[in-house]
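Accompanying notes for the structure given below.
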Amino acid sequence: MDGLGEATLRALYLLIEGDGALWNIIGVSFSVSGGAILISAPVAMVLAFLLAYVSFPGRRPLISTLQSLQSIPTVVVGLLVYMLLSRRGLFGDLHLLFTQTAMVIGQIVIAFLFVVPMAHGVLAAADRRAWETARTLGAAPWRAMLTVMTELRFGLLAVAIAAFARIITEVGTSIMVGGNIESFTRNIPTAIALETNKGEFAQGIALGLVLLVLALLLNVLLGQLQGKGEMR
Amino acid sequence: MNGMDVDQPILRLRDIRKTLPSGRRLLEIDELSIHAGRCLLLTGANGIGKTTLLKILSGLEPPDHALVDCDGTHLLWSVARRRFRREVIYLHQEAYLFDRSVTDNVTYGLRGLGLSRAQVAERVQRSLEWAGLSHLAARNARELSGGEQQRVALTRALVLTPQVLLLDEPFSGLDEESRSRTGFLIQRLKSERVGMVVTSHELLPMSGIADEHLELHAGRLVPPTRSVQRASTGHRPREVMAPGEVAYFDTKGGR
């Protein structure tokens, strides 16, 4: 316990004193995951909308497949992206492996597979009158879609936040396609794994604390959004 | 739909067919005409297809088949539906109002019409005054009472100056005062030459409004078994009725 207590105190000290390496790791995590969610969530939500509101052959099997892929292990996504970006892969010429861009791509895939079924659930359960009202008042389909999404903004934002929480804490894809390179592709989860292996618990705990505080804040935010959504 | 004679219908559909996924034929209507300034009351049992018919008329739901008379030619519904936009407006049984202010709700349909901000504001203000809703303009529409929401929905449709309004049970769930106000607004819309189709389980509120009454039965439009008619004439089912002049009676079995 003494060791844990001492390591925790050192961790807090590292955070408060603004340790450059530590905050660089935090910065990588937020920029990679933030970029990934900003790119994937809007596209995923449009697809979720189409699945919920447009009938086409094969829609049901597609929904079932996407629902199954929602909980795909992140290492499997990492493996897939690795194979595509490696030298002999389809996009090997782009030399993206072990870069932040590769990490963003991996997290885009994870977030996309998470958001589509979740957002589809929100949209499919929504009041169809929103769409019908928008259309009967003359809105073009794309505008009616935006109107429906605006009506469901709290639920959809909650989905995006949950997806962000999933990708910022995932380690499988980040370590496989990012390579855990110091000051470049090392993010919070990969750094925790490395520091723990090295026996450097203080930095691992400090980063863990950041994730815990983040998880707490996101949960509070989710709770508030769900409350607002239920009130309406 | 524009530039027609007064006696010509503003919208006429023929051969409306709709079958449910279960295979049951829901609608099999040979002809349905809507005239400017006239109100068609549509009654029928629950689940008989009244709402589906209104949604087909508004372009919200595709029929299996329907022809629309457009400028002297018969167009398939799928071709003609674009012409319906903003001219034929459907109002749900329970009005759906967007989660925003009354003004924003009323403004919604005016966006994309190429009107200036000043023109939009002027039309919205005029419509709100028309409906007696000016004092609620800044309120969130979701916070209003059922009757007020129904009036906002009517105003939101009115501001687009539609040729046809399709009202699905507009009096359902409203208290007496709200019914009276809603009925008054519908009457005013009629006087402004808006053609209407109204479904209603309750005949009383429609007594001074309906010009024609048809019943949807087994997919077809037929004369009603219980009708709104003039008490004095009894046999003029398509007359315009003045409030207080009506009585309800079974056309098969007397009053």
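To be explicit about the labels: the chains of the structure tokens are called A, B, and onward in the order shown, and within each one the residues are counted from 1, while ligands get numbers from 1 in the order they are shown.
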At a cut-off of 9 Å, which residues of chain B touch chain A? Count only C-alpha atoms and give the answer as a ChimeraX atom specification.
/B:58-60,84-92,95-99,108-112,142,156-157,160
Contacts of Leu67 (chain B) at 10 Å (only C-alpha atoms; same-chain gap of 4+ positions) as a list of chain:residue names:
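The residues that qualify are B:Arg12, B:Leu13, B:Arg14, B:Asp15, B:Ile16, B:Arg17, B:Asp30, B:Glu31, B:Pro63, B:Thr73, B:His74, B:Leu75, B:Leu76, B:Trp77, B:Ser78, B:Val79, B:Ala80.
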Region 19-206 of chain B: which residues are strand (DSSP E) by DSSP, as a ChimeraX atom specification?
/B:19,25-34,39-43,65-70,73-76,88-91,164-168,195-199
Can I get the selected residues back with C-alpha atoms, as a PDB file, in the first residue's frame?
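In the end it all went to out_7.pdb:
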ATOM      1  CA  THR B  19     -52.504  -2.776 -49.946  1.00  0.00           C
ATOM      2  CA  ARG B  25     -56.522  -4.189 -49.541  1.00  0.00           C
ATOM      3  CA  LEU B  26     -56.767  -1.002 -47.482  1.00  0.00           C
ATOM      4  CA  LEU B  27     -57.852   1.536 -50.080  1.00  0.00           C
ATOM      5  CA  GLU B  28     -59.707   1.101 -53.331  1.00  0.00           C
ATOM      6  CA  ILE B  29     -61.019   4.562 -54.130  1.00  0.00           C
ATOM      7  CA  ASP B  30     -62.122   5.395 -57.640  1.00  0.00           C
ATOM      8  CA  GLU B  31     -62.129   9.155 -57.278  1.00  0.00           C
ATOM      9  CA  LEU B  32     -61.565  11.816 -54.676  1.00  0.00           C
ATOM     10  CA  SER B  33     -61.879  15.530 -55.353  1.00  0.00           C
ATOM     11  CA  ILE B  34     -61.005  18.457 -53.143  1.00  0.00           C
ATOM     12  CA  CYS B  39     -64.446  20.891 -46.397  1.00  0.00           C
ATOM     13  CA  LEU B  40     -64.814  17.158 -46.825  1.00  0.00           C
ATOM     14  CA  LEU B  41     -65.500  15.271 -43.617  1.00  0.00           C
ATOM     15  CA  LEU B  42     -64.140  11.753 -43.675  1.00  0.00           C
ATOM     16  CA  THR B  43     -65.332   9.250 -41.107  1.00  0.00           C
ATOM     17  CA  HIS B  65     -51.290   3.213 -57.477  1.00  0.00           C
ATOM     18  CA  ALA B  66     -52.930   6.593 -57.881  1.00  0.00           C
ATOM     19  CA  LEU B  67     -53.447   9.031 -60.694  1.00  0.00           C
ATOM     20  CA  VAL B  68     -53.523  12.772 -60.171  1.00  0.00           C
ATOM     21  CA  ASP B  69     -55.296  15.187 -62.470  1.00  0.00           C
ATOM     22  CA  CYS B  70     -52.798  17.890 -63.214  1.00  0.00           C
ATOM     23  CA  THR B  73     -53.493  15.350 -67.750  1.00  0.00           C
ATOM     24  CA  HIS B  74     -53.388  12.258 -65.577  1.00  0.00           C
ATOM     25  CA  LEU B  75     -50.070  11.929 -63.816  1.00  0.00           C
ATOM     26  CA  LEU B  76     -48.921   9.067 -61.689  1.00  0.00           C
ATOM     27  CA  VAL B  88     -51.029  20.129 -49.609  1.00  0.00           C
ATOM     28  CA  ILE B  89     -50.250  20.012 -45.900  1.00  0.00           C
ATOM     29  CA  TYR B  90     -51.058  17.224 -43.500  1.00  0.00           C
ATOM     30  CA  LEU B  91     -51.617  17.881 -39.794  1.00  0.00           C
ATOM     31  CA  VAL B 164     -55.293  22.003 -49.337  1.00  0.00           C
ATOM     32  CA  LEU B 165     -55.172  21.161 -45.631  1.00  0.00           C
ATOM     33  CA  LEU B 166     -55.558  17.597 -44.419  1.00  0.00           C
ATOM     34  CA  LEU B 167     -56.554  17.513 -40.764  1.00  0.00           C
ATOM     35  CA  ASP B 168     -56.427  14.234 -38.898  1.00  0.00           C
ATOM     36  CA  GLY B 195     -59.736  23.154 -49.482  1.00  0.00           C
ATOM     37  CA  MET B 196     -59.872  20.706 -46.595  1.00  0.00           C
ATOM     38  CA  VAL B 197     -60.246  17.060 -45.781  1.00  0.00           C
ATOM     39  CA  VAL B 198     -60.931  16.428 -42.108  1.00  0.00           C
ATOM     40  CA  THR B 199     -61.154  13.093 -40.378  1.00  0.00           C
TER      41      THR B 199
END
Skipping near chain neighbours, those fewer than 2 positions away, what residues fall within 6 Å of Ser101 (chain B) using only C-alpha atoms, listed as JSON, numbers by chain?
{"B": [103, 104, 138, 139, 140, 141]}
Those selected residues, please, written with C-alpha atoms and delivered as a short mmCIF file (atom, residue, chain, number, x, y, z; two decimals), in the first residue's frame.
data_model
loop_
_atom_site.label_atom_id
_atom_site.label_comp_id
_atom_site.auth_asym_id
_atom_site.auth_seq_id
_atom_site.Cartn_x
_atom_site.Cartn_y
_atom_site.Cartn_z
CA THR B 103 -42.05 31.74 -33.93
CA ASP B 104 -39.39 29.28 -35.11
CA ALA B 138 -41.31 33.50 -27.79
CA ARG B 139 -42.46 30.47 -25.78
CA ASN B 140 -41.15 26.98 -26.48
CA ALA B 141 -43.93 25.31 -28.45
#
Test item: residues at most 10 Å from Val32 (chain A), only C-alpha atoms, excluding those fewer than 4 positions along its chain, as a list of chain:residue names:
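Near neighbours after the sequence-gap exclusion: A:Gly27, A:Val28, A:Ala36, A:Ile37, A:Gln100, A:Thr101, A:Ala102, A:Met103, A:Val104, A:Ile105, A:Gly106, A:Gln107, A:Ile108, A:Ile167, A:Ile168, A:Ser174, A:Thr185, A:Asn187.
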From B:Thr51, B:Asn105, B:Ser172, B:Ser191, residue lying nearest Gly147 (chain B) [only C-alpha atoms]:
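Distance minimum relative to Gly147 (chain B) lands on B:Ser172.
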Restricting the calculation to only C-alpha atoms, which member of A:Ala119, A:Ala160, A:Ile188, A:Val109 is positioned closest to Leu209 (chain A)?
A:Ile188
Could you pull the residues within 12 Å of His95 (chain A), counting only C-alpha atoms, minus those fewer than 6 positions along the same chain, as a PyMOL selection string?
chain A and resi 82+84-89+101-102+177
So that I have them on file, write out the residues from the current selection with C-alpha atoms, as a PDB file, in the first residue's frame.
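Ended up saving to selection_17.pdb:
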ATOM      1  CA  TYR A  82      -2.305  -2.555 -39.843  1.00  0.00           C
ATOM      2  CA  LEU A  84      -4.074  -2.129 -44.967  1.00  0.00           C
ATOM      3  CA  LEU A  85      -1.395   0.400 -44.026  1.00  0.00           C
ATOM      4  CA  SER A  86       1.638  -1.887 -43.883  1.00  0.00           C
ATOM      5  CA  ARG A  87       4.130  -1.760 -46.750  1.00  0.00           C
ATOM      6  CA  ARG A  88       2.536  -4.628 -48.569  1.00  0.00           C
ATOM      7  CA  GLY A  89      -0.965  -3.450 -47.765  1.00  0.00           C
ATOM      8  CA  THR A 101      -3.061   9.544 -38.812  1.00  0.00           C
ATOM      9  CA  ALA A 102      -3.011   5.735 -38.632  1.00  0.00           C
ATOM     10  CA  VAL A 177      -0.977   1.045 -35.783  1.00  0.00           C
TER      11      VAL A 177
END
Quick one: of A:Pro141, A:Ala44, A:Phe56, A:Phe98, who's nearest to Ile110 (chain A), counting only C-alpha atoms?
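Smallest separation from Ile110 (chain A) among the options: A:Ala44.
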Within 12 Å of Leu62 (chain A), counting only C-alpha atoms, which residues show up once you throw out same-chain ones fewer than 2 positions away? Write them as a ChimeraX atom specification, please.
/A:47-48,50-52,55-60,64-69,116-117,120
Quick one, how far is CA of Gly23 (chain B) from CA of Thr52 (chain B)?
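One can read the CA of Gly23 (chain B) to CA of Thr52 (chain B) distance as 15.4 Å.
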Restricting the calculation to only C-alpha atoms: of B:Val102, B:Leu136, B:Leu20, B:Leu154, which residue gets closest to Leu189 (chain B)?
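Of all the options, B:Leu154 lies closest to Leu189 (chain B).
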Test item, helix (DSSP H, G or I) assignment across region 132-183 of chain A, answer as number ranges by chain
A: 132-136, 141-151, 153-168, 172-178
Closest of B:Ile186, B:Val159, B:Ala121, B:Leu174 to Ser145 (chain B) - atom-to-atom distances counting only C-alpha atoms:
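Closest to Ser145 (chain B) of all the choices is B:Leu174.
Shortest atom-to-atom contact with Ala126 (chain A) among A:Ala111, A:Leu156, A:Met83, A:Leu97: A:Leu156, counting only C-alpha atoms.
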